[in-house]
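What follows is a set of notes on a single structure, which appears directly below.
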Amino acid sequence: MRGLNKLMLIGLVLVALGIVGLAVNVIPVHHEEQEAKIGSLTINADKETDYVIPNYVGIIAIVAGVVLVSMGSRKRR
């Protein structure tokens with residue numbers, strides 16, 4: 001960890017997140033939603049919301065990460 005500067009570390013994190021974003025296109029999120037309430041009686045429903053990660057977001061993160069890693073390696077020289 002001593003040889004990595006901040007730009008390289010941020011770049012590597014961006015590359016990793018970009019690869020994960022390309023591999024996992026949908027993030028499902030489960031939440032409980034109150035449907036009805038009558039007095040003390042409540043009816044809840046378990047809902048699932050899918051958040052789609054567009055492919056261009058992963059590609060942009062990878063490209064930005066590579067740029068930061070290359071800038072960080074040039075800075076060390």
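Identifiers for the structure tokens are assigned positionally: chains receive A, B, ... in sequence, residues are indexed from 1 per chain, and ligands are indexed from 1 in the order shown.
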Name the residues in contact with A:Gln34 at a cut-off of 12 Å, using only C-alpha atoms, excluding same-chain residues fewer than 4 positions from it; report them as a PyMOL selection string. chain A and resi 38+41-47
According to DSSP computed on the backbone, where in chain A is there alpha helix (DSSP H)? Give the residues as number ranges by chain. A: 6-23, 55-76
Near-A:Val15 list (8 Å; only C-alpha atoms; drop same-chain fewer than 5 positions) as a PyMOL selection string: chain A and resi 61-66
Mind dumping the selected residues with N, CA and C atoms as a PDB file, in the first residue's frame?
```
ATOM      1  N   ALA A  61     -16.599   4.508 -15.869  1.00  0.00           N
ATOM      2  CA  ALA A  61     -15.833   4.305 -14.630  1.00  0.00           C
ATOM      3  C   ALA A  61     -14.507   3.614 -14.926  1.00  0.00           C
ATOM      4  N   ILE A  62     -14.514   2.615 -15.818  1.00  0.00           N
ATOM      5  CA  ILE A  62     -13.270   1.920 -16.157  1.00  0.00           C
ATOM      6  C   ILE A  62     -12.299   2.861 -16.856  1.00  0.00           C
ATOM      7  N   VAL A  63     -12.784   3.633 -17.824  1.00  0.00           N
ATOM      8  CA  VAL A  63     -11.912   4.559 -18.549  1.00  0.00           C
ATOM      9  C   VAL A  63     -11.347   5.619 -17.610  1.00  0.00           C
ATOM     10  N   ALA A  64     -12.190   6.176 -16.748  1.00  0.00           N
ATOM     11  CA  ALA A  64     -11.706   7.184 -15.790  1.00  0.00           C
ATOM     12  C   ALA A  64     -10.696   6.572 -14.832  1.00  0.00           C
ATOM     13  N   GLY A  65     -10.938   5.343 -14.405  1.00  0.00           N
ATOM     14  CA  GLY A  65      -9.994   4.673 -13.514  1.00  0.00           C
ATOM     15  C   GLY A  65      -8.648   4.438 -14.173  1.00  0.00           C
ATOM     16  N   VAL A  66      -8.653   4.017 -15.440  1.00  0.00           N
ATOM     17  CA  VAL A  66      -7.394   3.796 -16.157  1.00  0.00           C
ATOM     18  C   VAL A  66      -6.635   5.108 -16.318  1.00  0.00           C
TER      19      VAL A  66
END
```
Residues of chain A in strand (DSSP E or B), written as a list in words: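 Here are the strand (DSSP E or B) residues of chain A: Val26, Ile27, Pro28, Val29, His30, His31, Glu32, Glu33, Gln34, Glu35, Ala36, Lys37, Ile38, Leu41, Thr42, Ile43, Asn44, Ala45, Asp46, Lys47, Glu48, Thr49, Asp50, Tyr51 and Val52 of chain A.
Remark: for A:Tyr51, the closest of the candidate residues A:Gly39, A:Glu33, A:Val24, A:Ser73 is A:Val24 (distances computed over only C-alpha atoms).
Here the question is which of A:Leu7, A:Val52, A:Ile60, A:Leu12 gets nearest to A:Pro28 using only C-alpha atoms, and that residue is A:Val52.
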Between atom CA of A:Ile19 and atom CA of A:Pro54, what is the distance, to one decimal in Å?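 Separation between atom CA of A:Ile19 and atom CA of A:Pro54: 12.3 Å.
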Atomic distance atom CA of A:Leu17 - atom CA of A:Glu32, expressed in Å with one decimal: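 Interatomic distance here is 28.3 Å.
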